[in-house]
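Chemist: Got protein_38.cif for you, mmCIF, C-alpha atoms and all ligand atoms:
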data_protein
#
loop_
_atom_site.label_atom_id
_atom_site.label_comp_id
_atom_site.auth_asym_id
_atom_site.auth_seq_id
_atom_site.Cartn_x
_atom_site.Cartn_y
_atom_site.Cartn_z
CA MET X 11 -4.93 22.89 13.53
CA GLU X 12 -5.66 19.91 11.30
CA LEU X 13 -2.05 18.83 11.70
CA ILE X 14 -2.56 18.65 15.47
CA THR X 15 -5.46 16.23 15.08
CA TYR X 16 -3.23 14.02 12.93
CA LEU X 17 -0.34 14.19 15.40
CA TRP X 18 -2.06 14.31 18.80
CA GLN X 19 -0.85 10.83 19.80
CA TYR X 20 2.76 11.87 19.30
CA ILE X 21 2.15 15.13 21.14
CA VAL X 22 0.71 13.29 24.15
CA GLU X 23 3.57 10.80 24.08
CA VAL X 24 6.23 13.50 23.99
CA PHE X 25 4.43 15.58 26.62
CA GLY X 26 4.24 12.57 28.96
CA LEU X 27 7.90 11.86 28.44
CA PHE X 28 8.82 15.48 29.04
CA ILE X 29 6.87 15.65 32.32
CA ALA X 30 8.40 12.40 33.57
CA TYR X 31 11.88 13.59 32.71
CA VAL X 32 11.56 17.02 34.31
CA PHE X 33 10.09 15.63 37.51
CA ALA X 34 12.77 12.93 37.71
CA ALA X 35 15.33 15.74 37.64
CA ILE X 36 13.44 17.71 40.32
CA LEU X 37 13.15 14.60 42.50
CA ILE X 38 16.88 13.90 42.26
CA PHE X 39 17.61 17.54 43.02
CA LEU X 40 15.41 17.45 46.14
CA ILE X 41 17.11 14.28 47.37
CA LEU X 42 20.53 15.79 46.77
CA ARG X 43 19.70 18.86 48.83
CA GLN X 44 19.51 16.59 51.86
CA PHE X 45 23.26 16.04 51.59
CA HIS X 46 24.00 19.78 52.08
CA SER X 47 27.13 19.25 50.02
CA ARG X 48 27.71 21.28 46.88
CA LYS X 49 30.40 18.95 45.66
CA ILE X 50 28.22 15.84 45.90
CA THR X 51 25.32 17.72 44.30
CA ALA X 52 27.46 18.99 41.45
CA ALA X 53 28.98 15.55 40.84
CA LEU X 54 25.58 13.83 40.79
CA VAL X 55 24.08 16.49 38.51
CA VAL X 56 26.90 15.94 36.05
CA ILE X 57 26.38 12.17 36.23
CA PHE X 58 22.63 12.64 35.64
CA ILE X 59 23.22 14.80 32.59
CA GLY X 60 25.93 12.48 31.26
CA VAL X 61 23.76 9.38 31.66
CA SER X 62 20.84 11.23 30.06
CA ILE X 63 22.86 12.12 27.00
CA ALA X 64 24.55 8.76 26.66
CA PHE X 65 21.66 6.48 27.39
CA TYR X 66 18.28 8.00 27.96
CA ILE X 67 17.96 10.33 25.01
CA PRO X 68 18.82 7.82 22.28
CA ASN X 69 16.93 4.94 23.91
CA GLY X 70 14.08 6.55 25.77
CA MET X 71 12.90 8.98 23.10
CA PRO X 72 10.00 7.92 20.92
CA THR X 73 11.65 6.64 17.74
CA THR X 74 9.77 9.33 15.83
CA LEU X 75 12.02 11.92 17.40
CA ALA X 76 15.23 9.94 17.24
CA TYR X 77 15.98 11.18 13.75
CA PRO X 78 18.63 8.91 12.27
CA LEU X 79 21.27 11.57 11.76
CA SER X 80 24.04 9.03 12.03
CA LEU X 81 22.47 6.56 9.57
CA LYS X 82 24.86 5.15 7.01
CA SER X 83 23.93 3.55 3.71
CA PHE X 84 26.23 1.45 1.60
CA GLY X 85 23.85 1.56 -1.38
CA PRO X 86 24.65 3.45 -4.57
CA GLY X 87 22.03 6.14 -3.95
CA GLU X 88 20.86 8.28 -1.07
CA ARG X 89 20.14 7.09 2.47
CA PRO X 90 16.75 5.49 3.10
CA ASP X 91 15.44 8.37 5.15
CA LEU X 92 14.04 11.77 4.39
CA PRO X 93 16.32 14.80 4.48
CA LEU X 94 15.48 16.77 7.63
CA LYS X 95 14.74 19.78 5.42
CA ASN X 96 12.03 17.79 3.62
CA VAL X 97 10.49 16.60 6.89
CA LEU X 98 10.24 20.23 8.03
CA ASN X 99 8.87 21.22 4.60
CA PHE X 100 6.33 18.44 4.90
CA PHE X 101 4.94 19.84 8.14
CA THR X 102 5.06 23.44 6.93
CA ASN X 103 3.17 22.49 3.76
CA PHE X 104 0.90 19.99 5.43
CA ASN X 105 -2.30 21.80 4.56
CA ASN X 106 -1.35 22.03 0.88
CA PHE X 107 -1.13 18.29 0.25
CA GLU X 108 -4.02 16.85 -1.67
CA ARG X 109 -6.25 14.54 0.39
CA ILE X 110 -7.16 11.40 -1.53
CA GLU X 111 -10.39 9.73 -0.48
CA ASN X 112 -9.31 6.26 -1.61
CA ILE X 113 -5.68 5.62 -2.53
CA ALA X 114 -6.41 2.09 -3.83
CA ARG X 115 -6.31 1.46 -7.57
CA ASP X 116 -9.47 -0.31 -8.72
CA PRO X 117 -8.42 -3.91 -9.53
CA ASN X 118 -10.77 -3.81 -12.55
CA ASP X 119 -8.80 -0.93 -14.02
CA VAL X 120 -7.04 -2.88 -16.79
CA PRO X 121 -7.05 -1.17 -20.21
CA GLN X 122 -8.78 -3.29 -22.84
CA ASN X 123 -8.38 -1.20 -25.98
CA ILE X 124 -5.01 0.35 -26.59
CA VAL X 125 -5.07 3.52 -28.65
CA TYR X 126 -2.15 3.71 -31.07
CA GLY X 127 -0.91 6.89 -32.71
CA GLU X 128 -0.58 7.11 -36.48
CA ASP X 129 3.07 6.19 -36.12
CA GLY X 130 2.19 3.10 -34.10
CA MET X 131 3.15 4.68 -30.80
CA ILE X 132 1.31 4.33 -27.52
CA GLU X 133 1.25 7.50 -25.48
CA VAL X 134 1.54 7.12 -21.72
CA ASN X 135 1.12 10.05 -19.34
CA LEU X 136 2.16 9.70 -15.73
CA THR X 137 1.94 12.26 -12.96
CA THR X 138 3.93 11.76 -9.78
CA THR X 139 2.27 13.11 -6.65
CA GLU X 140 2.69 13.29 -2.88
CA VAL X 141 -0.63 13.09 -1.09
CA ILE X 142 -2.33 12.28 2.21
CA ALA X 143 -4.60 9.24 2.35
CA GLU X 144 -5.79 6.51 4.70
CA MET X 145 -4.06 3.16 5.08
CA ALA X 146 -6.84 2.02 7.45
CA ASP X 147 -9.69 3.74 9.30
CA GLY X 148 -8.11 6.73 11.05
CA THR X 149 -4.55 5.73 10.08
CA THR X 150 -3.13 8.21 7.63
CA LEU X 151 0.01 8.12 5.51
CA ASN X 152 1.92 10.44 3.24
CA TYR X 153 1.75 8.43 0.02
CA TRP X 154 3.87 9.10 -3.05
CA THR X 155 2.15 7.89 -6.18
CA PHE X 156 1.85 7.64 -9.91
CA ASP X 157 -1.51 9.26 -10.76
CA ASN X 158 -2.80 9.44 -7.16
CA THR X 159 -3.34 5.69 -6.69
CA VAL X 160 -1.38 2.68 -5.47
CA PRO X 161 -0.45 0.95 -7.64
CA GLY X 162 -0.14 3.45 -10.49
CA PRO X 163 -1.99 2.90 -13.78
CA PHE X 164 -1.74 -0.44 -15.60
CA ILE X 165 0.20 0.13 -18.80
CA ARG X 166 -0.43 -2.24 -21.67
CA GLY X 167 1.42 -2.67 -24.93
CA ARG X 168 2.63 -5.33 -27.30
CA VAL X 169 6.14 -6.44 -28.19
CA GLY X 170 7.58 -4.15 -30.87
CA ASP X 171 5.51 -1.15 -29.75
CA THR X 172 7.18 2.13 -28.94
CA VAL X 173 5.97 3.98 -25.87
CA LEU X 174 5.95 7.77 -25.82
CA LEU X 175 6.13 8.60 -22.14
CA ASN X 176 5.34 12.00 -20.65
CA ILE X 177 6.08 12.18 -16.94
CA THR X 178 5.14 15.22 -14.87
CA ASN X 179 5.97 15.79 -11.23
CA ASP X 180 3.09 17.68 -9.62
CA PRO X 181 4.18 21.15 -8.41
CA SER X 182 3.01 20.30 -4.86
CA SER X 183 5.60 17.48 -4.55
CA LEU X 184 8.55 17.96 -2.22
CA HIS X 185 10.82 15.41 -3.90
CA PRO X 186 12.06 14.71 -7.41
CA HIS X 187 10.81 11.43 -8.91
CA ASN X 188 11.42 9.30 -12.00
CA VAL X 189 10.35 5.95 -13.39
CA ASP X 190 12.24 2.71 -13.97
CA PHE X 191 10.27 0.32 -16.17
CA HIS X 192 11.56 -3.23 -15.90
CA ALA X 193 10.30 -3.60 -19.49
CA VAL X 194 12.76 -0.99 -20.75
CA THR X 195 16.19 -1.80 -22.18
CA GLY X 196 18.59 1.06 -21.41
CA PRO X 197 20.07 3.09 -18.54
CA GLY X 198 18.00 2.87 -15.39
CA GLY X 199 15.09 1.31 -17.29
CA GLY X 200 14.17 4.89 -18.14
CA ALA X 201 15.00 6.32 -14.72
CA ALA X 202 18.10 8.08 -16.06
CA ALA X 203 16.01 10.06 -18.57
CA THR X 204 12.91 10.78 -16.53
CA ILE X 205 14.07 12.60 -13.39
CA VAL X 206 11.48 15.31 -12.78
CA ALA X 207 11.74 18.03 -10.16
CA PRO X 208 8.45 19.32 -8.70
CA GLY X 209 6.53 21.03 -11.53
CA GLU X 210 8.76 19.60 -14.26
CA THR X 211 7.80 17.40 -17.25
CA LYS X 212 10.05 15.06 -19.23
CA THR X 213 9.37 13.06 -22.36
CA MET X 214 11.09 9.94 -23.64
CA THR X 215 10.38 7.04 -25.95
CA PHE X 216 11.31 3.41 -25.48
CA LYS X 217 10.73 0.27 -27.47
CA LEU X 218 9.18 -2.82 -25.93
CA LEU X 219 11.66 -5.49 -26.97
CA ASN X 220 10.65 -8.32 -24.64
CA PRO X 221 7.21 -9.69 -23.90
CA GLY X 222 6.36 -10.15 -20.24
CA LEU X 223 4.63 -8.69 -17.21
CA TYR X 224 6.87 -6.13 -15.56
CA ILE X 225 6.99 -3.86 -12.54
CA TYR X 226 7.66 -0.19 -12.97
CA HIS X 227 8.65 2.01 -10.05
CA CYS X 228 10.22 5.26 -9.00
CA ALA X 229 13.98 4.91 -8.67
CA PHE X 230 14.98 8.38 -7.56
CA GLY X 231 17.28 9.00 -4.58
CA ASN X 232 16.84 5.93 -2.46
CA PRO X 233 14.52 3.84 -4.71
CA GLY X 234 13.25 1.63 -1.87
CA LEU X 235 12.18 4.71 0.08
CA HIS X 236 10.10 5.93 -2.86
CA MET X 237 8.65 2.46 -3.47
CA THR X 238 7.58 1.98 0.12
CA HIS X 239 5.68 5.24 -0.16
CA GLY X 240 3.62 3.65 -2.98
CA MET X 241 5.44 4.40 -6.24
CA TYR X 242 4.99 1.27 -8.39
CA GLY X 243 2.72 -0.34 -10.96
CA LEU X 244 2.67 -2.93 -13.75
CA ILE X 245 3.43 -2.73 -17.46
CA LEU X 246 2.30 -5.63 -19.63
CA VAL X 247 4.10 -6.33 -22.89
CA GLU X 248 1.93 -8.81 -24.75
CA PRO X 249 3.64 -11.33 -27.00
CA GLU X 250 3.14 -11.24 -30.75
CA GLY X 251 -0.46 -12.07 -31.54
CA GLY X 252 -1.53 -10.83 -28.07
CA LEU X 253 -2.72 -12.78 -25.06
CA PRO X 254 -5.72 -15.07 -25.50
CA PRO X 255 -8.97 -13.40 -24.48
CA VAL X 256 -10.38 -14.12 -21.02
CA ASP X 257 -13.62 -13.12 -19.29
CA LYS X 258 -12.15 -11.13 -16.41
CA GLU X 259 -8.85 -9.39 -15.80
CA PHE X 260 -7.72 -8.03 -12.44
CA TYR X 261 -4.79 -5.85 -11.43
CA ILE X 262 -3.25 -6.46 -8.00
CA VAL X 263 0.03 -5.26 -6.53
CA GLN X 264 1.31 -6.15 -3.08
CA GLY X 265 3.28 -3.54 -1.16
CA GLU X 266 4.86 -2.87 2.23
CA PHE X 267 4.49 0.21 4.40
CA TYR X 268 6.84 1.04 7.26
CA THR X 269 5.29 3.24 9.91
CA GLU X 270 6.50 4.64 13.23
CA GLY X 271 3.26 3.71 14.96
CA ALA X 272 2.43 0.04 15.49
CA MET X 273 -0.19 -1.60 13.27
CA GLY X 274 -3.58 0.00 13.82
CA ARG X 275 -2.31 3.14 15.53
CA GLU X 276 -4.39 6.11 14.45
CA GLY X 277 -3.24 9.50 13.26
CA LEU X 278 -0.57 10.43 10.76
CA GLN X 279 2.10 7.73 10.54
CA LEU X 280 5.64 8.78 9.78
CA PHE X 281 8.09 6.62 7.85
CA ASP X 282 10.21 4.28 10.03
CA THR X 283 13.67 3.96 8.51
CA GLN X 284 14.85 1.33 10.99
CA ALA X 285 11.84 -0.93 10.32
CA TYR X 286 12.50 -0.49 6.61
CA LEU X 287 16.14 -1.55 7.00
CA ASP X 288 15.05 -4.47 9.18
CA GLY X 289 12.39 -5.53 6.65
CA LYS X 290 9.58 -5.38 9.25
CA PRO X 291 6.64 -3.53 7.69
CA GLU X 292 3.59 -2.72 9.82
CA TYR X 293 1.30 -2.99 6.79
CA ILE X 294 1.49 -5.49 3.94
CA VAL X 295 -1.39 -4.85 1.58
CA PHE X 296 -2.82 -5.37 -1.87
CA ASN X 297 -3.42 -2.14 -3.83
CA GLY X 298 -2.13 0.39 -1.34
CA LYS X 299 -4.34 0.07 1.74
CA THR X 300 -6.08 -2.38 4.03
CA GLY X 301 -9.40 -3.61 2.68
CA ALA X 302 -8.72 -2.34 -0.86
CA LEU X 303 -10.00 -5.52 -2.53
CA MET X 304 -12.94 -6.43 -0.30
CA ASP X 305 -15.89 -5.91 -2.61
CA ASN X 306 -14.73 -4.95 -6.08
CA MET X 307 -13.80 -8.22 -7.81
CA THR X 308 -16.60 -10.35 -9.23
CA ALA X 309 -16.86 -13.15 -11.79
CA ASN X 310 -19.50 -15.64 -12.93
CA VAL X 311 -19.32 -19.40 -12.79
CA GLY X 312 -17.64 -20.56 -16.01
CA ASP X 313 -15.54 -17.40 -16.41
CA THR X 314 -11.85 -17.61 -17.06
CA VAL X 315 -10.14 -15.16 -14.72
CA ARG X 316 -6.72 -13.66 -15.30
CA MET X 317 -4.87 -11.88 -12.51
CA TYR X 318 -1.88 -9.67 -13.07
CA VAL X 319 -0.11 -9.76 -9.72
CA GLY X 320 2.89 -7.60 -8.93
CA ASN X 321 5.02 -7.09 -5.86
CA GLY X 322 6.27 -3.58 -5.16
CA GLY X 323 8.29 -4.98 -2.24
CA VAL X 324 10.70 -3.87 -1.16
CA ASN X 325 11.75 -6.57 1.29
CA LEU X 326 9.34 -9.48 1.02
CA ILE X 327 8.56 -12.19 -1.53
CA SER X 328 4.85 -12.85 -1.82
CA SER X 329 3.40 -16.37 -1.71
CA PHE X 330 0.31 -15.63 -3.77
CA HIS X 331 -2.61 -18.01 -3.32
CA VAL X 332 -6.35 -17.97 -3.94
CA ILE X 333 -8.17 -19.95 -1.25
CA GLY X 334 -10.46 -22.54 -2.85
CA GLU X 335 -8.98 -22.32 -6.34
CA ILE X 336 -6.15 -23.93 -8.25
CA PHE X 337 -4.27 -21.87 -10.83
CA ASP X 338 -4.81 -23.53 -14.23
CA ARG X 339 -1.91 -21.60 -15.69
CA VAL X 340 0.88 -19.68 -13.96
CA TYR X 341 3.16 -17.51 -16.04
CA ARG X 342 5.94 -17.65 -13.51
CA GLU X 343 7.71 -14.41 -12.75
CA GLY X 344 5.77 -12.76 -15.56
CA ASP X 345 7.35 -14.96 -18.25
CA LEU X 346 5.04 -14.78 -21.29
CA VAL X 347 7.48 -16.59 -23.61
CA SER X 348 7.76 -20.06 -22.06
CA PRO X 349 4.75 -22.34 -21.69
CA PRO X 350 3.01 -21.64 -18.36
CA ALA X 351 3.14 -23.94 -15.36
CA GLU X 352 -0.15 -25.75 -14.82
CA GLY X 353 -2.12 -26.75 -11.76
CA LEU X 354 -0.37 -24.71 -9.08
CA GLN X 355 -1.67 -23.84 -5.62
CA THR X 356 0.66 -21.01 -4.55
CA THR X 357 3.13 -19.06 -6.62
CA LEU X 358 5.95 -16.73 -5.70
CA VAL X 359 5.94 -13.08 -6.65
CA PRO X 360 9.44 -11.67 -6.22
CA ALA X 361 10.05 -8.21 -4.84
CA GLY X 362 10.21 -6.07 -7.96
CA GLY X 363 8.56 -8.80 -10.01
CA ALA X 364 5.19 -10.08 -11.16
CA VAL X 365 3.23 -13.16 -12.07
CA MET X 366 0.25 -13.77 -14.35
CA VAL X 367 -2.20 -16.43 -13.24
CA GLU X 368 -5.31 -17.79 -14.96
CA PHE X 369 -8.04 -20.03 -13.68
CA THR X 370 -11.62 -20.90 -14.53
CA VAL X 371 -14.11 -20.45 -11.72
CA GLU X 372 -16.35 -23.49 -11.45
CA TYR X 373 -18.30 -22.87 -8.26
CA PRO X 374 -19.96 -19.80 -6.69
CA GLY X 375 -18.75 -18.27 -3.44
CA LYS X 376 -16.11 -16.06 -1.93
CA TYR X 377 -12.53 -16.78 -2.92
CA VAL X 378 -9.98 -15.09 -0.74
CA LEU X 379 -6.69 -13.93 -2.25
CA VAL X 380 -3.78 -14.01 0.19
CA ASP X 381 -0.08 -13.84 0.65
CA HIS X 382 0.06 -17.34 2.17
CA ALA X 383 2.79 -16.27 4.59
CA LEU X 384 -0.38 -15.90 6.61
CA ALA X 385 0.70 -13.48 9.33
CA ARG X 386 0.73 -10.96 6.49
CA VAL X 387 -3.01 -11.41 6.11
CA ASP X 388 -3.32 -9.83 9.56
CA ARG X 389 -1.29 -6.93 8.26
CA GLY X 390 -3.68 -6.47 5.34
CA ALA X 391 -2.51 -8.80 2.52
CA TRP X 392 -5.84 -10.20 1.36
CA GLY X 393 -8.76 -9.56 -0.94
CA VAL X 394 -11.94 -11.26 -2.12
CA LEU X 395 -13.09 -12.54 -5.51
CA LEU X 396 -16.86 -13.06 -5.44
CA VAL X 397 -18.08 -15.71 -7.88
CA GLU X 398 -21.78 -15.83 -8.68
CA GLY X 399 -23.84 -18.42 -10.51
CA GLU X 400 -25.21 -21.96 -10.34
CA ALA X 401 -23.71 -24.31 -7.78
CA ASP X 402 -22.73 -27.71 -9.16
CA PRO X 403 -22.99 -30.23 -6.29
CA THR X 404 -20.76 -32.72 -8.09
CA ILE X 405 -17.89 -30.25 -7.61
CA TYR X 406 -18.62 -29.17 -4.04
CA ASP X 407 -21.46 -30.27 -1.83
CA GLY X 408 -21.77 -29.29 1.81
CA GLU X 409 -23.39 -26.76 4.07
CA ILE X 410 -21.39 -23.57 3.74
CA GLN X 411 -20.91 -21.87 7.12
CA GLY X 412 -19.43 -18.44 7.86
CA GLY X 413 -15.76 -17.83 7.35
CA ASP X 414 -14.59 -17.93 3.80
CA GLY X 415 -17.68 -19.74 2.57
CA HIS X 416 -19.79 -16.60 2.49
CU CU G 1 9.82 8.95 -6.36
#
Could you show the structure in this file as C-alpha cells?
Ligand SMILES: [Cu+2]

Modeler:
Amino acid sequence: MELITYLWQYIVEVFGLFIAYVFAAILIFLILRQFHSRKITAALVVIFIGVSIAFYIPNGMPTTLAYPLSLKSFGPGERPDLPLKNVLNFFTNFNNFERIENIARDPNDVPQNIVYGEDGMIEVNLTTTEVIAEMADGTTLNYWTFDNTVPGPFIRGRVGDTVLLNITNDPSSLHPHNVDFHAVTGPGGGAAATIVAPGETKTMTFKLLNPGLYIYHCAFGNPGLHMTHGMYGLILVEPEGGLPPVDKEFYIVQGEFYTEGAMGREGLQLFDTQAYLDGKPEYIVFNGKTGALMDNMTANVGDTVRMYVGNGGVNLISSFHVIGEIFDRVYREGDLVSPPAEGLQTTLVPAGGAVMVEFTVEYPGKYVLVDHALARVDRGAWGVLLVEGEADPTIYDGEIQGGDGH
C-alpha cells in the first residue's frame, strides 16, 4: 500500500492515458459502423493498430513506461539503465528498503584525528547500501550510498600511509558495488579488487603514493549510473608534514540526479536514462539533496575556513563560488603539491574531481555557496555559511536588506 502512495501520480497518468486510448478506439469504431462496410472497417482498424504501434506507443507513453529495451551503449561497461529484472525486484522488495530520514552528509563531518594501527595502517570500513530517502519535500528517490549518506564518509590520510579497506555490500542491496579511489594506484583504483555482491565483504590494502584531494566512487557495471544514484565521496591525502591547521573545515560534494518526473514532482522518482545520456539532470545539489547545507555551516569572524569541494558529476563541471567572499587560496583540482592560486572568485570543480579552497572570514553575515552556472541554484546547488561576530564598518558599511544579507 505504501508503494501506491509513492506511485499514485504515475498510476493516475497511466490510467488517464488508458481511458483516452480505449475511448478513442471506441469512437473510431462507432464512426466506422456508419459505413456498413466490413472491408473499410477492417482496413481502418488495421491502420489504427499499425499507427498505434509505430507512433503512439513509443511517443505517447509516459517515459517511465517506455523502458529503453533498445538502448545501446558504446562504453566499456554495462548500459546506463537498470536491468528489467532489478526494476521488478525493486518494486517487489520496496517495503524492505531502509528509509533514511536525511540522506545528506553533515558538512562538518571531517575527521580530525586519524587513528593509526600499530603497523601504521589506517582502517577504513565502507558499507554500500540502497535506500529510500527524500531529495526534496515529498520527492523520494532510491539512493545508492556509501554508509547511508551522500556523499559517503570523508576519508583522511597522509602520503605514505597504507589504507586497510573493508567494504561490505548490505544484504538488502539489489546490485553489486565496488569502489574506485582516485587516490589509488592500480587496476580500477581499487574497483577491480572490491566488487561486492549483496551481503559480501572484501578487504584490500593500498598505499597513498600521491598527496591530493580525490574523489572516490562506485565503478561497478555502468559507473555513471551508480554515481548518479549517490555513490561518491572524498579522500584526502595530506602532503608530508600535513596541511596547516585552520579553524573550520567543511565537506561538500556536488552531484546530479536524473529523475523521470520534472523538478519538484512529488512521489517516488524513477531514474531517467535518456536525461542521463543527454546530461540534463532535474536536481543538481550539494550533499545529496535540496537544502542540505542551509543551516549547518557556521564560522566566526577571523576564522580561516577550508572547504573540501568535490564533484560527483557525472556530466557537469561545477563553477564553485562563495557569494561575498574571495578565495585566499585555491588548490586547483585538488593539487596539494603546487603552490595554491591566490585571490580567486570562482573555481572549477571537474566531474570526478575536487578542489580545496581556503579563506578568512572578515565580516559577519550569510555567505551563499553556489555553482555559479546559476540556473543550477534553482535545481538545488547552493548552501549557506553563517558567519557570526563583530562587524567592521571599514570593510563593509551599509544597511543590509533581505536576500543574501540575512
Ligand atoms: Cu555501485

Chemist: With the cut-off set at 6 Å and counting all atoms listed in the file, tabulate each residue of chain X with an atom at most that distance from an atom of ligand CU 1 (chain G), showing the nearest atom pair and its distance in Å to one decimal, ordered by chain and increasing number, as a Markdown table.

Modeler:
| residue | atom | partner | partner_atom | distance |
| --- | --- | --- | --- | --- |
| X:His187 | CA | G:CU1 | CU | 3.7 |
| X:Asn188 | CA | G:CU1 | CU | 5.9 |
| X:Cys228 | CA | G:CU1 | CU | 4.6 |
| X:Phe230 | CA | G:CU1 | CU | 5.3 |
| X:His236 | CA | G:CU1 | CU | 4.6 |

Chemist: Deliver the residues from the most recent selection as a file, using C-alpha atoms, as a short mmCIF file (atom, residue, chain, number, x, y, z; two decimals), keeping the file's coordinate frame.

Modeler:
data_model
loop_
_atom_site.label_atom_id
_atom_site.label_comp_id
_atom_site.auth_asym_id
_atom_site.auth_seq_id
_atom_site.Cartn_x
_atom_site.Cartn_y
_atom_site.Cartn_z
CA HIS X 187 10.81 11.43 -8.91
CA ASN X 188 11.42 9.30 -12.00
CA CYS X 228 10.22 5.26 -9.00
CA PHE X 230 14.98 8.38 -7.56
CA HIS X 236 10.10 5.93 -2.86
#

Chemist: Enumerate, in order of chain and increasing residue number, the residues of region 216-323 of chain X with an atom no farther than 12 Å from region 118-125 of chain X, each with its shortest atom pair and distance in Å to one decimal, counting only C-alpha atoms, as a Markdown table.

Modeler:
| residue | atom | partner | partner_atom | distance |
| --- | --- | --- | --- | --- |
| X:Gly243 | CA | X:Val120 | CA | 11.6 |
| X:Leu244 | CA | X:Val120 | CA | 10.2 |
| X:Ile245 | CA | X:Val120 | CA | 10.5 |
| X:Leu246 | CA | X:Val120 | CA | 10.1 |
| X:Val247 | CA | X:Ile124 | CA | 11.9 |
| X:Glu248 | CA | X:Ile124 | CA | 11.6 |
| X:Gly252 | CA | X:Gln122 | CA | 11.7 |
| X:Leu253 | CA | X:Gln122 | CA | 11.5 |
| X:Pro255 | CA | X:Gln122 | CA | 10.2 |
| X:Val256 | CA | X:Gln122 | CA | 11.1 |
| X:Asp257 | CA | X:Gln122 | CA | 11.5 |
| X:Lys258 | CA | X:Asn118 | CA | 8.4 |
| X:Glu259 | CA | X:Asn118 | CA | 6.7 |
| X:Phe260 | CA | X:Asn118 | CA | 5.2 |
| X:Tyr261 | CA | X:Asn118 | CA | 6.4 |
| X:Ile262 | CA | X:Asn118 | CA | 9.2 |
| X:Asn297 | CA | X:Asn118 | CA | 11.5 |
| X:Ala302 | CA | X:Asn118 | CA | 12.0 |
| X:Leu303 | CA | X:Asn118 | CA | 10.2 |
| X:Asp305 | CA | X:Asn118 | CA | 11.4 |
| X:Asn306 | CA | X:Asn118 | CA | 7.7 |
| X:Met307 | CA | X:Asn118 | CA | 7.1 |
| X:Thr308 | CA | X:Asn118 | CA | 9.4 |
| X:Ala309 | CA | X:Asn118 | CA | 11.2 |
| X:Val315 | CA | X:Asn118 | CA | 11.6 |
| X:Arg316 | CA | X:Val120 | CA | 10.9 |
| X:Met317 | CA | X:Asn118 | CA | 10.0 |
| X:Tyr318 | CA | X:Val120 | CA | 9.3 |

Chemist: Just give me the gap between CA of Thr149 (chain X) and CA of Tyr16 (chain X) in Å, one decimal is fine.

Modeler: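 Taking CA of Thr149 (chain X) as the start and CA of Tyr16 (chain X) as the end point, the length is 8.9 Å.
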
Chemist: Quick one: pull the distance between CA of Leu379 (chain X) and CA of Gln411 (chain X), Å, one decimal.

Modeler: 18.8 Å

Chemist: Measure the distance from CA of Tyr153 (chain X) to CA of Ile113 (chain X) in Å and round it to one decimal.

Modeler: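 Answer for the CA of Tyr153 (chain X) to CA of Ile113 (chain X) separation: 8.3 Å.
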
Chemist: Which residues, written as a ChimeraX atom specification, have at least one atom at most 9 Å from Gly334 (chain X), with all atoms listed in the file counted and residues fewer than 6 positions away on the same chain left out?

Modeler: /X:376-378

Chemist: Taking all atoms listed in the file into account, which of X:Ala285, X:Val295, X:Leu223, X:Leu354 comes nearest Ile336 (chain X)?

Modeler: X:Leu354

Chemist: Residues at most 6 Å from region 141-146 of chain X, counting only C-alpha atoms, excluding those fewer than 5 positions away in the same chain, as a PDB file with C-alpha atoms, in the coordinates of the input?

Modeler:
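Here's the written file selection-v1.pdb:
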ATOM      1  CA  PHE X 107      -1.130  18.290   0.250  1.00  0.00           C
ATOM      2  CA  GLU X 108      -4.020  16.850  -1.670  1.00  0.00           C
ATOM      3  CA  ARG X 109      -6.250  14.540   0.390  1.00  0.00           C
ATOM      4  CA  ILE X 110      -7.160  11.400  -1.530  1.00  0.00           C
ATOM      5  CA  LEU X 151       0.010   8.120   5.510  1.00  0.00           C
ATOM      6  CA  ASN X 152       1.920  10.440   3.240  1.00  0.00           C
ATOM      7  CA  TYR X 153       1.750   8.430   0.020  1.00  0.00           C
ATOM      8  CA  LYS X 299      -4.340   0.070   1.740  1.00  0.00           C
ATOM      9  CA  THR X 300      -6.080  -2.380   4.030  1.00  0.00           C
TER      10      THR X 300
END

Chemist: From the set X:Tyr20, X:Phe58, X:Tyr126, X:Phe164, which residue has the shortest atom-to-atom contact distance to Ala35 (chain X), counting all atoms listed in the file?

Modeler: X:Phe58

Chemist: So, with only C-alpha atoms as the atoms that count, which of X:Met241, X:Leu13, X:Ile225, X:Ile50 lies closest to Gly344 (chain X)?

Modeler: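 Selected residue with least distance to Gly344 (chain X): X:Ile225.
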
Chemist: From (10.2, 1.3, -12.0), in the file's coordinates, out to 10 Å: which residues are reached, counting only C-alpha atoms? Answer as a VMD selection string.

Modeler: chain X and resid 188 to 194 198 to 201 224 to 230 233 237 241 to 245 322 362

Chemist: Using only C-alpha atoms, can you tell me which of X:Asn232, X:Gln284, X:Thr314, X:Ser329 comes closest to Glu88 (chain X)?

Modeler: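 Counting only C-alpha atoms, the residue closest to Glu88 (chain X) is X:Asn232.
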
Chemist: For region 134-139 of chain X, find every residue with an atom within 7 Å (counting all atoms listed in the file), except residues of its own chain fewer than 2 positions away, and show them as a VMD selection string.

Modeler: chain X and resid 132 141 154 to 158 173 to 180 183 187

Chemist: For Phe100 (chain X), please output as a list in words all residues within 12 Å (counting all atoms listed in the file; exclusion window: fewer than 2 positions along the same chain).

Modeler: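 Final neighbour list, sorted by chain and number: Leu13, Leu92, Pro93, Leu94, Lys95, Asn96, Val97, Leu98, Thr102, Asn103, Phe104, Asn105, Asn106, Phe107, Glu140, Val141, Ile142, Asn152, Ser182, Ser183, Leu184, His185 and Leu280 of chain X.
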
Chemist: Go through X:Glu12, X:His46, X:Ile36, X:Arg389 one by one, measure the shortest atom-to-atom distance of each to Gly274 (chain X) using all atoms listed in the file, and give the residue with the smallest value.

Modeler: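 Closest candidate: X:Arg389.
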
Chemist: Extract, using all atoms listed in the file, all DNA, RNA and protein residues at most 10 Å from Leu42 (chain X), discarding same-chain residues fewer than 6 positions from it, and format them as a PyMOL selection string.

Modeler: chain X and resi 36+48+50-52+54-55
